[in-house]
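Next comes run.cif, a file with mmCIF, C-alpha atoms.
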```
data_protein
#
loop_
_atom_site.label_atom_id
_atom_site.label_comp_id
_atom_site.auth_asym_id
_atom_site.auth_seq_id
_atom_site.Cartn_x
_atom_site.Cartn_y
_atom_site.Cartn_z
CA MET S 1 -95.96 -175.41 -113.04
CA SER S 2 -94.40 -172.13 -114.16
CA SER S 3 -94.60 -171.71 -117.92
CA LYS S 4 -91.69 -170.61 -120.09
CA GLU S 5 -93.73 -167.48 -120.81
CA ASP S 6 -93.88 -166.65 -117.08
CA ILE S 7 -90.15 -167.17 -116.66
CA ASN S 8 -89.36 -165.10 -119.75
CA CYS S 9 -91.65 -162.33 -118.51
CA PHE S 10 -89.88 -162.13 -115.15
CA GLU S 11 -86.49 -162.39 -116.82
CA SER S 12 -87.43 -159.43 -119.01
CA MET S 13 -88.52 -157.42 -115.96
CA TYR S 14 -85.22 -158.10 -114.19
CA ARG S 15 -83.35 -157.15 -117.35
CA SER S 16 -85.24 -153.84 -117.62
CA GLY S 17 -84.98 -153.08 -113.91
CA HIS S 18 -88.77 -152.91 -113.52
CA THR S 19 -88.94 -155.03 -110.37
CA PRO S 20 -90.96 -153.11 -107.75
CA TRP S 21 -90.86 -156.11 -105.38
CA ASP S 22 -87.04 -156.05 -105.30
CA THR S 23 -86.38 -153.51 -102.54
CA GLY S 24 -82.77 -154.42 -101.78
CA ARG S 25 -83.59 -155.30 -98.16
CA PRO S 26 -85.29 -158.13 -96.24
CA ASP S 27 -89.04 -157.78 -95.82
CA LYS S 28 -90.10 -156.22 -92.51
CA ASN S 29 -92.70 -158.96 -91.95
CA LEU S 30 -90.03 -161.65 -92.11
CA LYS S 31 -87.84 -159.70 -89.71
CA GLU S 32 -90.75 -159.34 -87.29
CA TYR S 33 -91.59 -163.04 -87.02
CA LEU S 34 -88.45 -165.02 -87.85
CA ALA S 35 -86.87 -165.20 -84.37
CA SER S 36 -90.10 -166.56 -82.87
CA LEU S 37 -90.33 -169.39 -85.41
CA VAL S 38 -86.85 -170.93 -85.55
CA SER S 39 -83.58 -170.96 -83.61
CA PRO S 40 -80.07 -170.56 -85.00
CA GLY S 41 -78.96 -173.72 -86.76
CA ALA S 42 -82.44 -174.54 -88.04
CA LYS S 43 -82.95 -175.48 -91.69
CA VAL S 44 -85.02 -173.00 -93.70
CA LEU S 45 -86.35 -173.23 -97.25
CA GLU S 46 -87.18 -170.07 -99.20
CA ILE S 47 -89.25 -170.40 -102.36
CA GLY S 48 -88.90 -167.63 -104.95
CA CYS S 49 -85.89 -165.93 -103.41
CA GLY S 50 -85.50 -163.28 -106.12
CA THR S 51 -82.17 -161.50 -105.77
CA GLY S 52 -81.58 -163.01 -102.34
CA ASP S 53 -82.12 -160.30 -99.72
CA ASN S 54 -84.40 -162.39 -97.49
CA ALA S 55 -82.25 -165.52 -97.82
CA ILE S 56 -79.09 -163.59 -96.96
CA PHE S 57 -80.79 -161.99 -93.96
CA MET S 58 -81.90 -165.39 -92.65
CA ALA S 59 -78.46 -166.91 -93.15
CA ARG S 60 -76.89 -164.03 -91.22
CA THR S 61 -79.04 -164.95 -88.20
CA GLY S 62 -77.38 -168.37 -88.09
CA LEU S 63 -79.92 -170.37 -90.09
CA LYS S 64 -79.03 -172.98 -92.70
CA VAL S 65 -80.80 -171.58 -95.76
CA THR S 66 -81.73 -173.24 -99.03
CA ALA S 67 -83.28 -170.74 -101.45
CA THR S 68 -84.88 -171.54 -104.79
CA GLU S 69 -85.77 -169.41 -107.79
CA ILE S 70 -87.13 -170.09 -111.29
CA VAL S 71 -85.67 -166.99 -112.98
CA PRO S 72 -81.99 -167.49 -113.89
CA MET S 73 -81.10 -163.79 -113.89
CA ALA S 74 -82.55 -163.24 -110.42
CA LEU S 75 -80.72 -166.27 -109.05
CA GLN S 76 -77.44 -165.12 -110.55
CA LYS S 77 -77.86 -161.75 -108.83
CA ALA S 78 -78.61 -163.54 -105.54
CA VAL S 79 -75.49 -165.70 -105.79
CA GLU S 80 -73.32 -162.67 -106.57
CA LYS S 81 -74.86 -160.67 -103.72
CA ALA S 82 -74.28 -163.45 -101.18
CA LYS S 83 -70.69 -163.96 -102.34
CA LYS S 84 -69.99 -160.24 -102.06
CA LYS S 85 -71.35 -160.24 -98.51
CA SER S 86 -69.54 -163.50 -97.60
CA VAL S 87 -72.81 -165.23 -96.67
CA ASN S 88 -73.39 -168.94 -97.26
CA VAL S 89 -76.76 -169.76 -98.87
CA ASN S 90 -77.57 -172.88 -100.90
CA PHE S 91 -79.13 -171.23 -103.97
CA LEU S 92 -80.92 -173.54 -106.44
CA LEU S 93 -82.56 -172.95 -109.82
CA ARG S 94 -85.59 -175.11 -109.11
CA ASP S 95 -89.39 -175.17 -109.42
CA ILE S 96 -90.78 -176.79 -106.28
CA MET S 97 -93.97 -177.63 -108.16
CA GLU S 98 -91.96 -179.90 -110.46
CA LYS S 99 -89.00 -181.22 -108.47
CA ASP S 100 -88.16 -181.99 -104.84
CA ILE S 101 -85.67 -179.77 -103.04
CA SER S 102 -82.67 -181.53 -101.53
CA GLY S 103 -82.21 -181.18 -97.79
CA ARG S 104 -85.73 -181.97 -96.60
CA PRO S 105 -87.20 -182.01 -94.05
CA PHE S 106 -86.86 -178.31 -93.31
CA ASP S 107 -87.88 -176.64 -90.06
CA MET S 108 -89.47 -173.66 -91.78
CA ALA S 109 -90.46 -172.46 -95.25
CA PHE S 110 -90.82 -168.87 -96.39
CA ASP S 111 -92.18 -167.30 -99.53
CA ARG S 112 -92.80 -163.68 -100.36
CA GLY S 113 -95.25 -163.42 -103.22
CA CYS S 114 -95.17 -166.94 -104.69
CA PHE S 115 -98.42 -168.43 -103.42
CA HIS S 116 -100.55 -165.62 -104.84
CA HIS S 117 -99.32 -166.18 -108.40
CA PHE S 118 -101.29 -169.42 -108.76
CA ASP S 119 -104.61 -168.64 -110.40
CA SER S 120 -106.75 -171.59 -109.29
CA LEU S 121 -107.63 -173.38 -106.06
CA GLN S 122 -106.15 -176.59 -107.43
CA LYS S 123 -102.76 -174.97 -108.12
CA ARG S 124 -102.71 -173.17 -104.77
CA ARG S 125 -103.49 -176.43 -102.98
CA LYS S 126 -100.68 -178.17 -104.82
CA PHE S 127 -98.28 -175.40 -103.80
CA ALA S 128 -99.37 -175.72 -100.15
CA GLN S 129 -98.96 -179.51 -100.38
CA ARG S 130 -95.48 -179.17 -101.87
CA ILE S 131 -94.46 -176.82 -99.05
CA SER S 132 -95.89 -179.24 -96.48
CA TYR S 133 -94.05 -182.18 -98.05
CA HIS S 134 -90.71 -180.45 -97.57
CA LEU S 135 -91.26 -179.63 -93.87
CA ARG S 136 -90.72 -181.68 -90.76
CA GLU S 137 -93.74 -182.62 -88.66
CA GLU S 138 -95.28 -179.40 -87.32
CA GLY S 139 -92.80 -177.27 -89.29
CA SER S 140 -93.72 -173.64 -89.95
CA TRP S 141 -94.66 -171.87 -93.17
CA LEU S 142 -94.58 -168.07 -93.34
CA SER S 143 -96.08 -166.66 -96.54
CA LEU S 144 -96.65 -163.08 -97.70
CA ILE S 145 -99.62 -162.95 -100.06
CA GLY S 146 -101.27 -160.19 -102.10
CA ASN S 147 -104.42 -158.99 -100.35
CA ALA S 148 -107.72 -158.48 -102.21
CA ASP S 149 -108.63 -155.69 -99.77
CA ASP S 150 -105.95 -153.54 -101.41
CA THR S 151 -107.75 -150.67 -103.17
CA ARG S 152 -104.71 -148.97 -104.70
CA PRO S 153 -105.20 -148.13 -108.39
CA GLY S 154 -103.03 -149.67 -111.08
CA LYS S 155 -101.13 -152.91 -111.24
CA GLY S 156 -99.55 -154.66 -108.32
CA PRO S 157 -99.13 -158.15 -106.91
CA PRO S 158 -101.98 -160.62 -107.53
CA ARG S 159 -104.63 -160.23 -104.83
CA LEU S 160 -106.42 -163.03 -103.01
CA LYS S 161 -109.34 -163.05 -100.62
CA ALA S 162 -108.85 -164.58 -97.19
CA LEU S 163 -111.15 -167.48 -98.10
CA GLU S 164 -109.06 -168.27 -101.18
CA VAL S 165 -106.02 -168.60 -98.95
CA VAL S 166 -107.73 -170.68 -96.30
CA GLU S 167 -109.35 -173.12 -98.74
CA ALA S 168 -105.97 -173.97 -100.25
CA VAL S 169 -103.92 -174.14 -97.08
CA GLU S 170 -106.08 -175.81 -94.43
CA PRO S 171 -105.82 -179.42 -95.69
CA PHE S 172 -102.07 -179.29 -95.05
CA PHE S 173 -101.54 -176.67 -92.35
CA GLU S 174 -103.09 -175.51 -89.12
CA ILE S 175 -103.45 -171.78 -89.67
CA LEU S 176 -101.98 -170.03 -86.64
CA PHE S 177 -102.84 -166.62 -88.03
CA LEU S 178 -103.82 -164.85 -91.23
CA LYS S 179 -103.13 -161.19 -90.66
CA SER S 180 -103.59 -158.13 -92.86
CA SER S 181 -100.38 -156.16 -93.29
CA TYR S 182 -98.28 -154.45 -95.97
CA PHE S 183 -95.41 -155.65 -98.10
CA ASP S 184 -92.14 -153.94 -97.34
CA SER S 185 -91.95 -151.76 -100.44
CA ASN S 186 -90.40 -148.69 -102.03
CA GLN S 187 -93.87 -147.82 -103.35
CA ASP S 188 -96.04 -145.25 -101.58
CA PRO S 189 -98.47 -146.44 -100.44
CA PRO S 190 -97.12 -149.99 -100.19
CA PRO S 191 -99.24 -152.93 -101.44
CA ARG S 192 -101.36 -154.67 -98.83
CA CYS S 193 -100.63 -158.30 -98.05
CA TRP S 194 -101.76 -161.22 -95.97
CA VAL S 195 -99.22 -162.59 -93.53
CA LEU S 196 -99.94 -166.30 -93.25
CA LEU S 197 -98.37 -168.46 -90.56
CA GLY S 198 -99.16 -172.14 -90.73
CA LYS S 199 -98.01 -175.23 -88.84
CA LYS S 200 -97.80 -178.49 -90.78
CA ARG S 201 -100.61 -180.81 -89.79
CA LYS S 202 -99.77 -184.20 -88.35
CA GLY S 203 -100.43 -186.72 -91.08
CA ALA S 204 -100.85 -184.02 -93.73
CA PRO S 205 -101.84 -185.51 -97.12
CA LEU S 206 -98.92 -186.25 -99.44
CA LYS S 207 -100.98 -185.26 -102.46
CA ALA S 208 -103.19 -182.29 -103.21
CA THR S 209 -106.81 -182.98 -104.08
CA PRO S 210 -108.98 -180.79 -106.36
#
```

Please express the file's structure as structure tokens.
Amino acid sequence: MSSKEDINCFESMYRSGHTPWDTGRPDKNLKEYLASLVSPGAKVLEIGCGTGDNAIFMARTGLKVTATEIVPMALQKAVEKAKKKSVNVNFLLRDIMEKDISGRPFDMAFDRGCFHHFDSLQKRRKFAQRISYHLREEGSWLSLIGNADDTRPGKGPPRLKALEVVEAVEPFFEILFLKSSYFDSNQDPPPRCWVLLGKKRKGAPLKATP
């Protein structure tokens, strides 16, 4: 569901170095919640891994991590970074909206800033469904999402209202919490985000509906 124009745009940003989301460290929100969601040895899927900092962090805690990305340059940087740090992550150039990810079912899924890039309820529901499909029964999904309550001037991550999140997610996940927070960022002030934690519903639909 990601157009060639989107991929080329992100590729250009990585090439120019204008990647404000790429902090060089794992996001503080992931670090805060990870240990309470899965135990060492669990299988975790990251969607939109960027240059790999969150995936590498999770792997270092003893998790079996599969991390996907749609931007070749970002994925190459992630692979090189993991190799340099002697960390084992299964990195894949893959769009979850188009193709299944090998290794399912996973115990947990994580995305930092993927969900909010979809510009319609239908697309966001499909993304939530695709995450659900790849999780075991009652598996967890932790998502960091641009927050429409952010009043900072200028450009930043796409911003969603709480209702826009809930409408897309609830058919497939029990929402355990939707909490206002901030992205871990080198920007001052940092962008606001929603921290979403969902648990896959029993008998969650296999297809998204409009």

(request) Work out how far CA of Lys28 (chain S) is from CA of Glu46 (chain S), in Å to one decimal. (result) 15.7 Å

(request) Name all residues at most 12 Å from Leu135 (chain S) (count only C-alpha atoms; drop same-chain ones fewer than 6 positions away) and give them as a PyMOL selection string. (result) chain S and resi 42-46+100-110+128-129+141+172-173+198-204+206

(message) Quick one: residues within 12 Å of Lys77 (chain S), only C-alpha atoms, excluding same-chain residues fewer than 5 positions away - as a ChimeraX atom specification?
(response) /S:11,14-15,22,24,49-53,69,71-72,82-84,91

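The interatomic distance for the pair CA of Thr66 (chain S) and CA of Ser185 (chain S) works out to 23.8 Å.
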
(request) Please write the residues picked by the PyMOL selection byres ((chain S and resi 195) around 9) on this file as a PyMOL selection string. (result) chain S and resi 29+142-145+177-182+193-194+196-197

C-alpha atoms of the current selection, written as a PDB file, in the coordinates of the input:
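This is the output file result14.pdb:
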```
ATOM      1  CA  ASN S  29     -92.700-158.960 -91.950  1.00  0.00           C
ATOM      2  CA  LEU S 142     -94.580-168.070 -93.340  1.00  0.00           C
ATOM      3  CA  SER S 143     -96.080-166.660 -96.540  1.00  0.00           C
ATOM      4  CA  LEU S 144     -96.650-163.080 -97.700  1.00  0.00           C
ATOM      5  CA  ILE S 145     -99.620-162.950-100.060  1.00  0.00           C
ATOM      6  CA  PHE S 177    -102.840-166.620 -88.030  1.00  0.00           C
ATOM      7  CA  LEU S 178    -103.820-164.850 -91.230  1.00  0.00           C
ATOM      8  CA  LYS S 179    -103.130-161.190 -90.660  1.00  0.00           C
ATOM      9  CA  SER S 180    -103.590-158.130 -92.860  1.00  0.00           C
ATOM     10  CA  SER S 181    -100.380-156.160 -93.290  1.00  0.00           C
ATOM     11  CA  TYR S 182     -98.280-154.450 -95.970  1.00  0.00           C
ATOM     12  CA  CYS S 193    -100.630-158.300 -98.050  1.00  0.00           C
ATOM     13  CA  TRP S 194    -101.760-161.220 -95.970  1.00  0.00           C
ATOM     14  CA  LEU S 196     -99.940-166.300 -93.250  1.00  0.00           C
ATOM     15  CA  LEU S 197     -98.370-168.460 -90.560  1.00  0.00           C
TER      16      LEU S 197
END
```

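Between CA of Ser86 (chain S) and CA of Ser140 (chain S) there is a distance of 27.3 Å.
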
Reference answer for the PyMOL selection byres ((chain S and resi 98) around 12), as a PDB file with C-alpha atoms, in the frame of the given file:
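Everything below was put into out.pdb:
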```pdb
ATOM      1  CA  MET S   1     -95.960-175.410-113.040  1.00  0.00           C
ATOM      2  CA  SER S   2     -94.400-172.130-114.160  1.00  0.00           C
ATOM      3  CA  SER S   3     -94.600-171.710-117.920  1.00  0.00           C
ATOM      4  CA  ILE S  70     -87.130-170.090-111.290  1.00  0.00           C
ATOM      5  CA  LEU S  93     -82.560-172.950-109.820  1.00  0.00           C
ATOM      6  CA  ARG S  94     -85.590-175.110-109.110  1.00  0.00           C
ATOM      7  CA  ASP S  95     -89.390-175.170-109.420  1.00  0.00           C
ATOM      8  CA  ILE S  96     -90.780-176.790-106.280  1.00  0.00           C
ATOM      9  CA  MET S  97     -93.970-177.630-108.160  1.00  0.00           C
ATOM     10  CA  LYS S  99     -89.000-181.220-108.470  1.00  0.00           C
ATOM     11  CA  ASP S 100     -88.160-181.990-104.840  1.00  0.00           C
ATOM     12  CA  ILE S 101     -85.670-179.770-103.040  1.00  0.00           C
ATOM     13  CA  LYS S 126    -100.680-178.170-104.820  1.00  0.00           C
ATOM     14  CA  PHE S 127     -98.280-175.400-103.800  1.00  0.00           C
ATOM     15  CA  ARG S 130     -95.480-179.170-101.870  1.00  0.00           C
TER      16      ARG S 130
END
```

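Distances to Glu167 (chain S) were evaluated for S:Asn186, S:Ser120, S:Ser132, S:Ser12 using all atoms listed in the file, and the minimum falls at S:Ser120.
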
(message) Show me, as a list in words, the residues that have an atom within 12 Å of Gly62 (chain S) when counting only C-alpha atoms, minus same-chain residues fewer than 6 positions from it.
(response) Leu34, Ala35, Val38, Ser39, Pro40, Gly41, Ala42, Lys43, Val44, Ala55, Ile56, Val87, Asn88 and Val89 of chain S

(request) Apply the PyMOL selection byres ((chain S and resi 113) around 8) to the structure shown and report the selected residues as a PyMOL selection string. (result) chain S and resi 48+111-112+114-117+143-146+157

(message) Which residue is closest to Asp6 (chain S)? Choose from S:Ala78, S:Val166, S:Asp27, S:Phe118 and count only C-alpha atoms.
(response) S:Phe118

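For the set S:Gly156, S:Pro191, S:Glu137, S:Ala148, the residue with the smallest atom-to-atom gap to Glu174 (chain S) is S:Glu137, counting all atoms listed in the file.
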
(message) My list of candidates is S:Pro189, S:Ile7, S:Lys123, S:Lys81. Which is closest to Ala168 (chain S) when distances are computed with all atoms listed in the file?
(response) S:Lys123
